[in-house]
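Source file: coords.cif (mmCIF, C-alpha atoms)
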data_data
loop_
_atom_site.label_atom_id
_atom_site.label_comp_id
_atom_site.auth_asym_id
_atom_site.auth_seq_id
_atom_site.Cartn_x
_atom_site.Cartn_y
_atom_site.Cartn_z
CA MET A 18 2.52 -6.04 -90.43
CA ASN A 19 3.29 -9.32 -92.16
CA THR A 20 1.33 -11.29 -89.61
CA MET A 21 -1.62 -8.92 -90.04
CA ILE A 22 -1.76 -9.62 -93.77
CA GLY A 23 -1.34 -13.31 -93.00
CA ILE A 24 -4.27 -13.21 -90.61
CA ILE A 25 -6.43 -11.38 -93.14
CA ILE A 26 -5.69 -13.80 -95.98
CA ALA A 27 -6.16 -16.81 -93.74
CA ALA A 28 -9.42 -15.53 -92.29
CA VAL A 29 -11.07 -14.62 -95.59
CA LEU A 30 -9.66 -17.10 -98.08
CA THR A 31 -7.41 -19.97 -97.06
CA ASN A 32 -9.08 -20.87 -93.76
CA ASN A 33 -12.50 -19.49 -94.52
CA PHE A 34 -14.62 -19.41 -91.42
CA VAL A 35 -17.55 -21.48 -92.70
CA LEU A 36 -16.17 -23.41 -95.63
CA SER A 37 -13.05 -24.78 -94.01
CA LYS A 38 -13.58 -24.32 -90.28
CA PHE A 39 -17.32 -25.05 -90.14
CA TYR A 40 -18.14 -22.32 -87.64
CA GLY A 41 -21.71 -21.12 -88.02
CA CYS A 42 -23.11 -23.77 -90.35
CA CYS A 43 -26.70 -23.23 -89.17
CA PRO A 44 -27.08 -19.67 -90.46
CA PHE A 45 -24.92 -20.55 -93.47
CA LEU A 46 -27.30 -23.31 -94.56
CA GLY A 47 -30.46 -21.78 -93.09
CA VAL A 48 -30.49 -18.10 -94.07
CA SER A 49 -28.69 -18.34 -97.42
CA LYS A 50 -31.83 -18.70 -99.53
CA LYS A 51 -31.81 -15.06 -100.70
CA ILE A 52 -28.92 -12.71 -101.37
CA ASP A 53 -30.53 -9.88 -99.32
CA SER A 54 -30.84 -11.94 -96.17
CA SER A 55 -27.31 -13.31 -96.69
CA ILE A 56 -25.89 -9.78 -96.77
CA GLY A 57 -27.88 -8.75 -93.69
CA MET A 58 -26.84 -11.81 -91.74
CA GLY A 59 -23.22 -11.40 -92.85
CA ALA A 60 -23.12 -7.76 -91.75
CA ALA A 61 -24.63 -8.60 -88.37
CA VAL A 62 -22.10 -11.41 -87.84
CA ILE A 63 -19.16 -9.11 -88.66
CA PHE A 64 -20.51 -6.51 -86.24
CA VAL A 65 -21.13 -8.90 -83.35
CA MET A 66 -17.86 -10.80 -83.81
CA VAL A 67 -15.84 -7.57 -83.60
CA CYS A 68 -17.79 -6.39 -80.56
CA ALA A 69 -17.52 -9.79 -78.86
CA SER A 70 -13.74 -9.81 -79.39
CA LEU A 71 -13.54 -6.27 -78.01
CA VAL A 72 -15.23 -7.37 -74.78
CA THR A 73 -13.83 -10.85 -74.27
CA TYR A 74 -10.16 -9.97 -74.82
CA PRO A 75 -9.85 -7.72 -71.73
CA ILE A 76 -11.95 -10.15 -69.70
CA TYR A 77 -9.57 -13.00 -70.43
CA HIS A 78 -6.28 -11.11 -70.19
CA LEU A 79 -7.11 -8.73 -67.33
CA LEU A 80 -9.42 -10.88 -65.25
CA LEU A 81 -9.33 -14.62 -65.90
CA SER A 82 -5.67 -15.02 -66.80
CA PRO A 83 -4.14 -13.16 -63.78
CA LEU A 84 -6.44 -15.07 -61.43
CA GLU A 85 -5.50 -18.36 -63.15
CA LEU A 86 -9.14 -19.00 -63.98
CA GLY A 87 -8.50 -19.59 -67.68
CA TYR A 88 -10.60 -22.74 -67.60
CA LEU A 89 -13.70 -20.67 -66.83
CA ARG A 90 -13.54 -18.92 -70.17
CA THR A 91 -16.30 -20.97 -71.82
CA VAL A 92 -18.80 -20.05 -69.11
CA ALA A 93 -17.60 -16.43 -68.90
CA PHE A 94 -17.52 -15.78 -72.64
CA ILE A 95 -20.92 -17.23 -73.45
CA LEU A 96 -22.59 -15.22 -70.70
CA VAL A 97 -20.82 -12.01 -71.67
CA ILE A 98 -21.74 -12.49 -75.33
CA ALA A 99 -25.37 -13.20 -74.48
CA VAL A 100 -25.70 -10.14 -72.26
CA PHE A 101 -23.75 -7.98 -74.67
CA VAL A 102 -25.85 -8.81 -77.71
CA GLN A 103 -28.98 -8.04 -75.74
CA LEU A 104 -27.57 -4.66 -74.66
CA LEU A 105 -26.40 -3.89 -78.16
CA GLU A 106 -29.88 -4.53 -79.48
CA ILE A 107 -31.43 -2.09 -76.99
CA VAL A 108 -28.82 0.60 -77.68
CA ILE A 109 -29.05 0.35 -81.47
CA LYS A 110 -32.82 0.37 -81.33
CA LYS A 111 -32.75 3.59 -79.31
CA LEU A 112 -29.91 5.48 -80.99
CA MET A 113 -29.73 4.25 -84.57
CA PRO A 114 -33.17 3.18 -85.83
CA PRO A 115 -32.09 2.84 -89.50
CA LEU A 116 -29.23 0.50 -88.55
CA TYR A 117 -31.62 -1.42 -86.32
CA LYS A 118 -33.97 -1.87 -89.21
CA THR A 119 -31.29 -3.59 -91.32
CA LEU A 120 -29.31 -5.46 -88.66
CA GLY A 121 -31.71 -5.73 -85.73
CA VAL A 122 -33.64 -8.78 -86.86
CA TYR A 123 -30.44 -10.80 -87.11
CA LEU A 124 -28.96 -9.86 -83.76
CA PRO A 125 -30.88 -12.33 -81.57
CA LEU A 126 -29.93 -15.09 -84.01
CA ILE A 127 -26.31 -14.69 -83.18
CA THR A 128 -26.17 -15.10 -79.41
CA THR A 129 -25.77 -18.84 -79.36
CA ASN A 130 -24.05 -19.09 -82.71
CA CYS A 131 -20.84 -21.07 -82.60
CA ALA A 132 -19.13 -18.58 -84.95
CA VAL A 133 -19.09 -15.88 -82.29
CA LEU A 134 -17.90 -18.09 -79.44
CA GLY A 135 -15.51 -19.75 -81.89
CA VAL A 136 -13.76 -16.53 -82.90
CA THR A 137 -13.24 -15.40 -79.31
CA ILE A 138 -11.75 -18.77 -78.37
CA MET A 139 -9.55 -18.70 -81.47
CA ASN A 140 -8.19 -15.26 -80.49
CA ILE A 141 -7.09 -16.63 -77.14
CA ASP A 142 -5.74 -19.96 -78.43
CA GLU A 143 -3.65 -18.32 -81.16
CA ASN A 144 -2.18 -15.82 -78.66
CA TYR A 145 -3.23 -12.84 -80.75
CA THR A 146 -2.59 -9.32 -79.47
CA PHE A 147 -5.55 -6.99 -79.00
CA ALA A 148 -5.17 -5.44 -82.46
CA GLN A 149 -4.68 -8.84 -84.10
CA SER A 150 -7.81 -10.17 -82.37
CA ILE A 151 -9.93 -7.35 -83.72
CA VAL A 152 -8.53 -7.77 -87.24
CA ASN A 153 -9.04 -11.53 -87.03
CA ALA A 154 -12.64 -11.08 -85.87
CA ALA A 155 -13.47 -8.50 -88.54
CA PHE A 156 -11.99 -10.50 -91.40
CA SER A 157 -13.36 -13.84 -90.20
CA GLY A 158 -16.74 -12.12 -90.31
CA ILE A 159 -16.02 -10.85 -93.80
CA GLY A 160 -15.03 -14.38 -94.82
CA PHE A 161 -18.32 -15.64 -93.41
CA ALA A 162 -20.30 -12.97 -95.28
CA LEU A 163 -18.41 -13.66 -98.52
CA ALA A 164 -19.08 -17.39 -98.29
CA MET A 165 -22.75 -16.75 -97.57
CA VAL A 166 -23.26 -14.36 -100.46
CA ILE A 167 -21.48 -16.67 -102.92
CA PHE A 168 -23.42 -19.64 -101.64
CA SER A 169 -26.79 -17.92 -101.85
CA GLY A 170 -26.11 -17.34 -105.56
CA VAL A 171 -25.24 -20.99 -106.09
CA ARG A 172 -28.17 -22.09 -104.04
CA SER A 173 -30.80 -20.21 -105.99
CA ARG A 174 -29.64 -22.12 -109.10
CA VAL A 175 -29.77 -25.43 -107.23
CA ASP A 176 -33.28 -24.66 -105.94
CA ASP A 177 -34.46 -23.67 -109.41
CA ALA A 178 -33.27 -26.98 -110.82
CA GLU A 179 -35.14 -28.99 -108.22
CA SER A 180 -37.34 -30.81 -110.72
CA GLU A 181 -34.20 -32.25 -112.35
CA THR A 182 -32.62 -33.32 -109.05
CA PRO A 183 -32.96 -37.03 -108.16
CA ALA A 184 -35.82 -37.39 -105.66
CA MET A 185 -33.63 -38.63 -102.81
CA PHE A 186 -31.46 -35.52 -103.05
CA ARG A 187 -34.17 -32.83 -103.18
CA GLY A 188 -33.81 -30.37 -100.33
CA VAL A 189 -31.01 -30.48 -97.78
CA PRO A 190 -28.82 -33.19 -99.42
CA ALA A 191 -28.58 -31.16 -102.65
CA THR A 192 -27.77 -28.02 -100.63
CA LEU A 193 -24.97 -29.83 -98.81
CA VAL A 194 -23.46 -31.19 -102.02
CA ALA A 195 -23.59 -27.66 -103.50
CA ALA A 196 -21.82 -26.37 -100.38
CA ALA A 197 -19.15 -29.03 -100.93
CA ILE A 198 -18.51 -27.70 -104.43
CA VAL A 199 -18.26 -24.09 -103.20
CA SER A 200 -15.90 -25.27 -100.45
CA MET A 201 -13.83 -27.11 -103.06
CA SER A 202 -13.45 -23.89 -105.06
CA PHE A 203 -11.95 -22.21 -101.97
CA LEU A 204 -9.26 -24.93 -101.93
CA GLY A 205 -7.79 -23.07 -104.89
CA PHE A 206 -6.58 -20.35 -102.51
CA GLY A 207 -4.59 -22.95 -100.58
CA GLY A 208 -1.13 -21.78 -101.55
CA LEU A 209 -1.74 -18.11 -100.67
CA GLY A 210 -0.09 -16.47 -97.70
CA GLN A 211 2.70 -18.96 -97.20
CA MET B 21 -41.72 -49.97 -71.95
CA LYS B 22 -42.37 -46.30 -72.50
CA LEU B 23 -39.06 -45.44 -70.84
CA MET B 24 -37.25 -47.86 -73.12
CA ASN B 25 -38.79 -46.02 -76.03
CA GLU B 26 -37.34 -42.70 -74.79
CA PHE B 27 -33.93 -44.33 -75.03
CA THR B 28 -34.21 -46.05 -78.39
CA LYS B 29 -35.97 -43.28 -80.32
CA GLY B 30 -32.83 -41.13 -80.45
CA ILE B 31 -30.63 -43.84 -81.88
CA LEU B 32 -32.39 -44.46 -85.19
CA LYS B 33 -35.95 -43.16 -85.46
CA GLU B 34 -35.18 -39.59 -84.40
CA ASN B 35 -31.45 -39.64 -85.04
CA PRO B 36 -30.28 -36.09 -84.31
CA VAL B 37 -27.95 -35.82 -87.32
CA PHE B 38 -29.55 -37.80 -90.15
CA VAL B 39 -33.22 -37.25 -89.32
CA SER B 40 -33.50 -34.04 -87.27
CA LEU B 41 -30.46 -32.37 -88.93
CA LEU B 42 -29.13 -30.90 -85.69
CA GLY B 43 -25.55 -30.23 -84.64
CA MET B 44 -24.20 -29.68 -88.15
CA CYS B 45 -21.01 -27.83 -87.17
CA PRO B 46 -19.32 -30.55 -85.07
CA THR B 47 -20.64 -33.23 -87.44
CA LEU B 48 -18.86 -31.62 -90.36
CA ALA B 49 -15.76 -30.43 -88.55
CA VAL B 50 -14.41 -33.28 -86.42
CA THR B 51 -15.25 -36.32 -88.56
CA THR B 52 -11.96 -36.56 -90.44
CA GLY B 53 -11.41 -39.87 -88.64
CA ALA B 54 -13.62 -42.52 -87.05
CA PHE B 55 -11.87 -42.20 -83.67
CA ASN B 56 -12.44 -38.43 -83.54
CA GLY B 57 -16.10 -39.05 -84.30
CA ILE B 58 -16.47 -41.49 -81.40
CA GLY B 59 -14.60 -39.14 -79.06
CA MET B 60 -16.72 -36.13 -79.96
CA GLY B 61 -19.91 -38.20 -79.82
CA LEU B 62 -19.18 -39.64 -76.38
CA SER B 63 -18.14 -36.23 -74.99
CA THR B 64 -21.41 -34.77 -76.24
CA THR B 65 -23.31 -37.73 -74.77
CA PHE B 66 -21.74 -37.12 -71.38
CA VAL B 67 -22.66 -33.43 -71.43
CA LEU B 68 -26.14 -34.22 -72.73
CA ILE B 69 -26.93 -36.77 -70.00
CA CYS B 70 -25.61 -34.55 -67.20
CA SER B 71 -27.26 -31.36 -68.43
CA ASN B 72 -30.57 -33.14 -69.07
CA LEU B 73 -30.53 -34.49 -65.51
CA VAL B 74 -29.66 -31.17 -63.86
CA ILE B 75 -32.06 -29.13 -65.98
CA CYS B 76 -34.91 -31.53 -65.34
CA LEU B 77 -34.26 -31.45 -61.58
CA LEU B 78 -34.19 -27.64 -61.62
CA ARG B 79 -37.11 -27.24 -64.02
CA LYS B 80 -39.44 -25.90 -61.33
CA VAL B 81 -36.81 -23.50 -59.93
CA ILE B 82 -35.63 -21.80 -63.12
CA PRO B 83 -37.90 -18.88 -64.09
CA ALA B 84 -39.11 -19.00 -67.68
CA GLN B 85 -37.75 -15.55 -68.60
CA VAL B 86 -34.11 -16.41 -67.90
CA LYS B 87 -34.16 -20.09 -68.77
CA LEU B 88 -31.85 -19.77 -71.77
CA PRO B 89 -28.92 -18.20 -69.84
CA CYS B 90 -29.47 -20.73 -67.04
CA TYR B 91 -29.37 -23.65 -69.47
CA ILE B 92 -26.24 -22.32 -71.13
CA VAL B 93 -24.40 -21.94 -67.82
CA ILE B 94 -25.33 -25.49 -66.77
CA ILE B 95 -24.20 -26.88 -70.13
CA ALA B 96 -20.97 -24.82 -70.13
CA THR B 97 -20.11 -26.17 -66.68
CA PHE B 98 -20.26 -29.76 -67.87
CA VAL B 99 -18.32 -28.86 -71.01
CA THR B 100 -15.53 -27.46 -68.82
CA LEU B 101 -15.60 -30.71 -66.84
CA ILE B 102 -15.24 -32.94 -69.91
CA GLN B 103 -12.45 -30.68 -71.15
CA PHE B 104 -10.49 -31.37 -67.96
CA LEU B 105 -11.17 -35.11 -68.24
CA LEU B 106 -10.05 -35.35 -71.86
CA HIS B 107 -7.03 -33.11 -71.26
CA GLY B 108 -5.94 -35.39 -68.43
CA PHE B 109 -6.72 -38.83 -69.83
CA VAL B 110 -6.85 -38.61 -73.65
CA PRO B 111 -4.61 -35.65 -74.56
CA SER B 112 -4.36 -36.68 -78.24
CA LEU B 113 -8.14 -36.50 -78.64
CA TYR B 114 -8.19 -33.20 -76.74
CA THR B 115 -5.76 -31.73 -79.28
CA SER B 116 -7.49 -33.06 -82.37
CA LEU B 117 -10.97 -31.91 -81.32
CA GLY B 118 -9.59 -28.44 -80.62
CA ALA B 119 -12.06 -25.61 -80.19
CA PHE B 120 -15.01 -27.85 -81.07
CA LEU B 121 -14.78 -29.43 -77.64
CA GLU B 122 -15.59 -26.05 -76.11
CA LEU B 123 -18.21 -25.39 -78.76
CA ILE B 124 -20.27 -28.33 -77.41
CA THR B 125 -21.71 -25.51 -75.28
CA VAL B 126 -23.57 -24.06 -78.25
CA ASN B 127 -24.43 -27.42 -79.84
CA CYS B 128 -28.11 -27.20 -80.67
CA ILE B 129 -28.74 -30.88 -79.84
CA ILE B 130 -28.06 -30.21 -76.16
CA LEU B 131 -30.00 -26.97 -75.95
CA GLY B 132 -32.76 -28.55 -78.01
CA ARG B 133 -33.17 -31.56 -75.71
CA ALA B 134 -33.14 -29.27 -72.67
CA GLU B 135 -35.85 -27.11 -74.19
CA MET B 136 -38.00 -29.87 -75.66
CA PHE B 137 -37.57 -32.76 -73.26
CA ALA B 138 -35.76 -32.21 -69.98
CA CYS B 139 -37.85 -29.23 -68.90
CA LYS B 140 -41.05 -31.24 -69.28
CA ASN B 141 -40.15 -34.75 -68.10
CA GLY B 142 -38.92 -36.60 -65.03
CA PRO B 143 -35.27 -37.40 -64.23
CA VAL B 144 -35.24 -41.05 -65.38
CA ALA B 145 -36.86 -40.25 -68.73
CA SER B 146 -34.55 -37.25 -69.22
CA VAL B 147 -31.41 -39.29 -68.60
CA LEU B 148 -32.57 -42.04 -70.96
CA ASP B 149 -33.50 -39.47 -73.60
CA GLY B 150 -30.07 -37.85 -73.26
CA ALA B 151 -28.31 -41.20 -73.51
CA GLY B 152 -30.31 -42.23 -76.58
CA MET B 153 -29.83 -38.95 -78.41
CA GLY B 154 -26.14 -38.92 -77.48
CA LEU B 155 -25.64 -42.45 -78.78
CA GLY B 156 -27.49 -41.57 -81.97
CA PHE B 157 -25.17 -38.61 -82.42
CA THR B 158 -22.13 -40.81 -81.71
CA LEU B 159 -23.33 -43.39 -84.22
CA ALA B 160 -23.79 -40.73 -86.90
CA LEU B 161 -20.37 -39.20 -86.25
CA PHE B 162 -18.77 -42.65 -86.26
CA LEU B 163 -20.39 -43.48 -89.59
CA MET B 164 -19.32 -40.17 -91.14
CA GLY B 165 -15.83 -40.48 -89.68
CA SER B 166 -15.47 -44.03 -91.01
CA VAL B 167 -16.53 -43.13 -94.55
CA ARG B 168 -14.23 -40.12 -94.65
CA GLU B 169 -11.27 -41.91 -93.06
CA ILE B 170 -11.51 -45.00 -95.28
CA LEU B 171 -11.90 -43.06 -98.53
CA GLY B 172 -9.63 -40.16 -97.56
CA SER B 173 -6.68 -41.73 -95.75
CA GLY B 174 -7.11 -45.46 -96.44
CA THR B 175 -7.24 -46.33 -92.74
CA TRP B 176 -9.98 -47.19 -90.27
CA LEU B 177 -9.56 -46.31 -86.60
CA GLY B 178 -5.88 -45.88 -87.43
CA ILE B 179 -5.48 -49.36 -88.96
CA THR B 180 -4.27 -49.37 -92.58
CA ILE B 181 -6.72 -51.07 -94.92
CA PRO B 182 -4.94 -53.36 -97.37
CA GLY B 183 -5.75 -52.54 -100.97
CA MET B 184 -6.57 -48.89 -100.26
CA THR B 185 -2.95 -47.71 -100.42
CA GLY B 186 -2.45 -45.50 -103.44
CA HIS B 187 -6.18 -45.25 -104.07
CA THR B 188 -7.11 -42.68 -101.46
CA MET B 189 -8.88 -39.42 -102.31
CA SER B 190 -7.60 -36.80 -99.91
CA LEU B 191 -10.58 -34.60 -100.80
CA PHE B 192 -12.65 -36.65 -98.36
CA VAL B 193 -10.63 -35.56 -95.34
CA MET B 194 -10.70 -31.96 -96.53
CA PRO B 195 -13.56 -29.63 -95.54
CA ALA B 196 -15.34 -30.08 -98.88
CA GLY B 197 -15.55 -33.83 -98.26
CA GLY B 198 -17.44 -33.17 -95.02
CA PHE B 199 -20.30 -31.40 -96.80
CA PHE B 200 -20.28 -33.99 -99.56
CA VAL B 201 -20.37 -37.10 -97.35
CA LEU B 202 -23.05 -35.62 -95.08
CA GLY B 203 -25.24 -34.76 -98.07
CA ILE B 204 -24.89 -38.26 -99.53
CA LEU B 205 -25.49 -39.98 -96.17
CA ILE B 206 -28.67 -37.98 -95.50
CA ALA B 207 -29.95 -38.85 -98.97
CA VAL B 208 -29.15 -42.56 -98.46
CA VAL B 209 -30.80 -42.63 -95.03
CA CYS B 210 -33.93 -41.01 -96.48
CA LYS B 211 -33.99 -43.52 -99.32
CA LEU B 212 -33.57 -46.50 -96.97
CA SER B 213 -36.27 -45.31 -94.60
CA ASN B 214 -38.53 -44.38 -97.53
CA ARG B 215 -39.03 -40.77 -96.56
CA LYS B 216 -38.74 -37.56 -98.51
CA PRO B 217 -35.49 -35.73 -97.75
CA PRO B 218 -35.99 -32.74 -95.43
CA LYS B 219 -36.44 -29.35 -97.05
CA LYS B 220 -34.66 -27.32 -94.40
CA LEU B 221 -32.37 -27.69 -91.45
CA GLY B 222 -33.66 -28.93 -88.14
CA CYS B 223 -34.28 -25.98 -85.88
CA ALA B 224 -36.13 -27.97 -83.21
CA GLY B 225 -35.43 -26.38 -79.88
CA CYS B 226 -33.00 -23.82 -81.24
CA PRO B 227 -33.57 -20.59 -79.34
CA ASN B 228 -33.01 -18.72 -82.58
CA ALA B 229 -35.45 -20.74 -84.63
CA HIS B 230 -38.34 -18.34 -84.17
CA ALA B 231 -36.47 -15.30 -85.47
CA CYS B 232 -34.59 -17.33 -88.07
CA SER B 233 -37.58 -18.98 -89.70
CA ALA B 234 -39.56 -15.74 -89.56
CA LYS B 235 -36.72 -14.15 -91.52
CA CYS B 236 -36.65 -16.99 -94.05
CA GLU B 237 -40.38 -16.81 -94.66
CA GLU B 238 -40.27 -13.04 -94.93
CA THR B 239 -37.68 -13.23 -97.70
CA ASN B 240 -39.54 -16.02 -99.46
CA ALA B 241 -42.79 -14.11 -99.54
#
Translate the structure of the given file into structure tokens.
Amino acid sequence: MNTMIGIIIAAVLTNNFVLSKFYGCCPFLGVSKKIDSSIGMGAAVIFVMVCASLVTYPIYHLLLSPLELGYLRTVAFILVIAVFVQLLEIVIKKLMPPLYKTLGVYLPLITTNCAVLGVTIMNIDENYTFAQSIVNAAFSGIGFALAMVIFSGVRSRVDDAESETPAMFRGVPATLVAAAIVSMSFLGFGGLGQ
Amino acid sequence: MKLMNEFTKGILKENPVFVSLLGMCPTLAVTTGAFNGIGMGLSTTFVLICSNLVICLLRKVIPAQVKLPCYIVIIATFVTLIQFLLHGFVPSLYTSLGAFLELITVNCIILGRAEMFACKNGPVASVLDGAGMGLGFTLALFLMGSVREILGSGTWLGITIPGMTGHTMSLFVMPAGGFFVLGILIAVVCKLSNRKPPKKLGCAGCPNAHACSAKCEETNA
């Protein structure tokens, strides 16, 4: 139970998925212009990360590991995730149209996102059990969504103040410096969970 | 002459990190030291050259509908290869790069070059393009790694810099420093080359770009 709480705190706060591990920087910096799209993207990432962990865990521990093919995991995982996201999209579209309307547009964005591959690799490298992997995936996703929502708020202020920004910083440089400040604020959680 | 241009364009003029803004995740994550930056850069260069060559040789065989999965499998194969090489010969680098070595698979520079260059050009041009882009990436990572290592730990490539002891700012080797240094470097590069800083991230060749930018424009409207 203690390790579970440890995993949760680490995944959301102390080792936040984007702000301290840098998984999934593209959507973090690309889609965070509006709070709505940040929430949608965050929800889709949580969903896909949990599903990807559900599928890749048995593949590694029941198939690759007994056959001593652990080194094939990169190839295996990326293919499984790509196929799985595609399937998921078809199923959701058919069975749950309202959910598809909110999450669907983000699903294809996630296939080649390093956050998804990153979390499945992390589950294996940290020797998590099945339950721990799922919790880790869910809360890493929540950490990602939290960072995105917070950052989209900061970013709208930065974008509004563009006329006061020095010319050489307008655009991406200012966004990155703002991200640095948000990341710095997460350093404050450093002592938690030890 | 034209072939030489394919090689040199990636190093400065179309530098993947500072100009095209591709491959942000590894750029931010592994550059806590100059040596890590070089290691990551050269590993990526190796994968980029090999995957560019194979993809360009197979460009007439791979059907357009399934090209993305095919590219990913080819890239992942070379990533597995470089993992073995680093594990065997440079175990310290293998440990410090961690999961980001495997995540070269989803690095958008590699997929981007496959999509934009290798599937349209001949083998010699593709290899030169891969080498140029890879070296540009290495150069950028080395620069970032140097700045962060010198300011953050007072060393450079592991050698202690006299006069820096006691004046280091450990923030620069922390995650926040990564965002900060990259932002400043992009701004400086834009200033030096007299261009306006880019408004959004480089999505050139990213298979997600279409859906992603459509989403961004939809929310902006």
(message) Going by the chain IDs and residue numbers used in this file, which residues fall under the PyMOL selection byres ((chain A) within 8 of (chain B))? Write them as a VMD selection string.
(response) chain A and resid 36 to 43 46 to 48 50 to 51 54 88 to 89 91 to 92 95 to 96 99 122 to 123 125 to 127 129 to 131 134 to 135 138 to 139 184 to 194 196 to 201
(request) Could you tell me which of A:Gly57, A:Pro75, A:Pro44, A:Gly23 comes closest to Thr146 in chain A if we count all atoms listed in the file? (result)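 Nearest candidate to Thr146 in chain A out of A:Gly57, A:Pro75, A:Pro44, A:Gly23: A:Pro75.
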(request) Figure out the distance between CA of Met66 in chain A and CA of Val133 in chain A, please, to one decimal in Å. (result) 5.4 Å
(message) Show me, as a list in words, the residues that have an atom within 8 Å of Thr137 in chain A when counting all atoms listed in the file, minus same-chain residues fewer than 6 positions from it.
(response)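 Final neighbour list, sorted by chain and number: Met66, Ala69, Ser70, Thr73, Tyr74, Phe94 and Ala154 of chain A.
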(message) Please compute the CA of Lys87 in chain B-CA of Ala145 in chain B distance, one decimal, in Å.
(response) 20.3 Å
(request) Would you work out the distance separating CA of Ile181 in chain B from CA of Leu161 in chain B, expressed in Å to one decimal? (result)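 So the two atoms, CA of Ile181 in chain B and CA of Leu161 in chain B, lie 20.1 Å apart.
Distances here use all atoms listed in the file; by that measure, the residue among B:Lys22, B:Lys33, B:His107, B:Arg79 closest to Leu148 in chain B is B:Lys22.
Taken over the whole file, the PyMOL selection byres ((chain B and resi 158) around 9) covers exactly Gly57, Ile58, Gly59, Met60, Gly61, Leu62, Thr64, Thr65, Met153, Gly154, Leu155, Gly156, Phe157, Leu159, Ala160, Leu161, Phe162 and Leu163 of chain B.
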Chain and number of each residue from the PyMOL selection byres ((chain A and resi 165-177) around 8), as a PDB file with C-alpha atoms, in the coordinates of the input:
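The file below, out-v5.pdb, is the result:
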ATOM      1  CA  PHE A  45     -24.920 -20.550 -93.470  1.00  0.00           C
ATOM      2  CA  SER A  49     -28.690 -18.340 -97.420  1.00  0.00           C
ATOM      3  CA  LYS A  50     -31.830 -18.700 -99.530  1.00  0.00           C
ATOM      4  CA  LYS A  51     -31.810 -15.060-100.700  1.00  0.00           C
ATOM      5  CA  ILE A  52     -28.920 -12.710-101.370  1.00  0.00           C
ATOM      6  CA  SER A  55     -27.310 -13.310 -96.690  1.00  0.00           C
ATOM      7  CA  ILE A  56     -25.890  -9.780 -96.770  1.00  0.00           C
ATOM      8  CA  GLY A  59     -23.220 -11.400 -92.850  1.00  0.00           C
ATOM      9  CA  PHE A 161     -18.320 -15.640 -93.410  1.00  0.00           C
ATOM     10  CA  ALA A 162     -20.300 -12.970 -95.280  1.00  0.00           C
ATOM     11  CA  LEU A 163     -18.410 -13.660 -98.520  1.00  0.00           C
ATOM     12  CA  ALA A 164     -19.080 -17.390 -98.290  1.00  0.00           C
ATOM     13  CA  ALA A 178     -33.270 -26.980-110.820  1.00  0.00           C
ATOM     14  CA  GLU A 179     -35.140 -28.990-108.220  1.00  0.00           C
ATOM     15  CA  SER A 180     -37.340 -30.810-110.720  1.00  0.00           C
ATOM     16  CA  ALA A 191     -28.580 -31.160-102.650  1.00  0.00           C
ATOM     17  CA  THR A 192     -27.770 -28.020-100.630  1.00  0.00           C
ATOM     18  CA  ALA A 195     -23.590 -27.660-103.500  1.00  0.00           C
ATOM     19  CA  ALA A 196     -21.820 -26.370-100.380  1.00  0.00           C
ATOM     20  CA  VAL A 199     -18.260 -24.090-103.200  1.00  0.00           C
TER      21      VAL A 199
END
Please report, as AutoDock Vina command-line options, the centre and edge lengths in Å to one decimal of an axis-aligned box covering all listed atoms of range 62-71 of chain B with 5 Å per side.
--center_x -22.7 --center_y -35.5 --center_z -71.8 --size_x 19.1 --size_y 18.3 --size_z 19.2
Write out as a PDB file with C-alpha atoms, in the coordinates of the input which residues come within 9 Å of Ser173 in chain B when counting only C-alpha atoms, dropping same-chain ones fewer than 5 positions away.
ATOM      1  CA  GLY B  53     -11.410 -39.870 -88.640  1.00  0.00           C
ATOM      2  CA  ARG B 168     -14.230 -40.120 -94.650  1.00  0.00           C
ATOM      3  CA  THR B 180      -4.270 -49.370 -92.580  1.00  0.00           C
ATOM      4  CA  MET B 184      -6.570 -48.890-100.260  1.00  0.00           C
ATOM      5  CA  THR B 185      -2.950 -47.710-100.420  1.00  0.00           C
ATOM      6  CA  THR B 188      -7.110 -42.680-101.460  1.00  0.00           C
ATOM      7  CA  MET B 189      -8.880 -39.420-102.310  1.00  0.00           C
ATOM      8  CA  SER B 190      -7.600 -36.800 -99.910  1.00  0.00           C
ATOM      9  CA  PHE B 192     -12.650 -36.650 -98.360  1.00  0.00           C
ATOM     10  CA  VAL B 193     -10.630 -35.560 -95.340  1.00  0.00           C
TER      11      VAL B 193
END
(message) My list of candidates is B:Val39, B:Leu23, B:Ala54, B:Leu117. Which is closest to Leu171 in chain B when distances are computed with all atoms listed in the file?
(response)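 Between B:Val39, B:Leu23, B:Ala54, B:Leu117, the residue approaching Leu171 in chain B most closely is B:Ala54.
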(message) With all atoms listed in the file as the counted atoms, please give the residues lying no more than 10 Å from Ile26 in chain A, apart from itself and same-chain residues fewer than 5 positions off, as a ChimeraX atom specification.
(response) /A:20-21,31-33,153,156-157,160,206,209-211
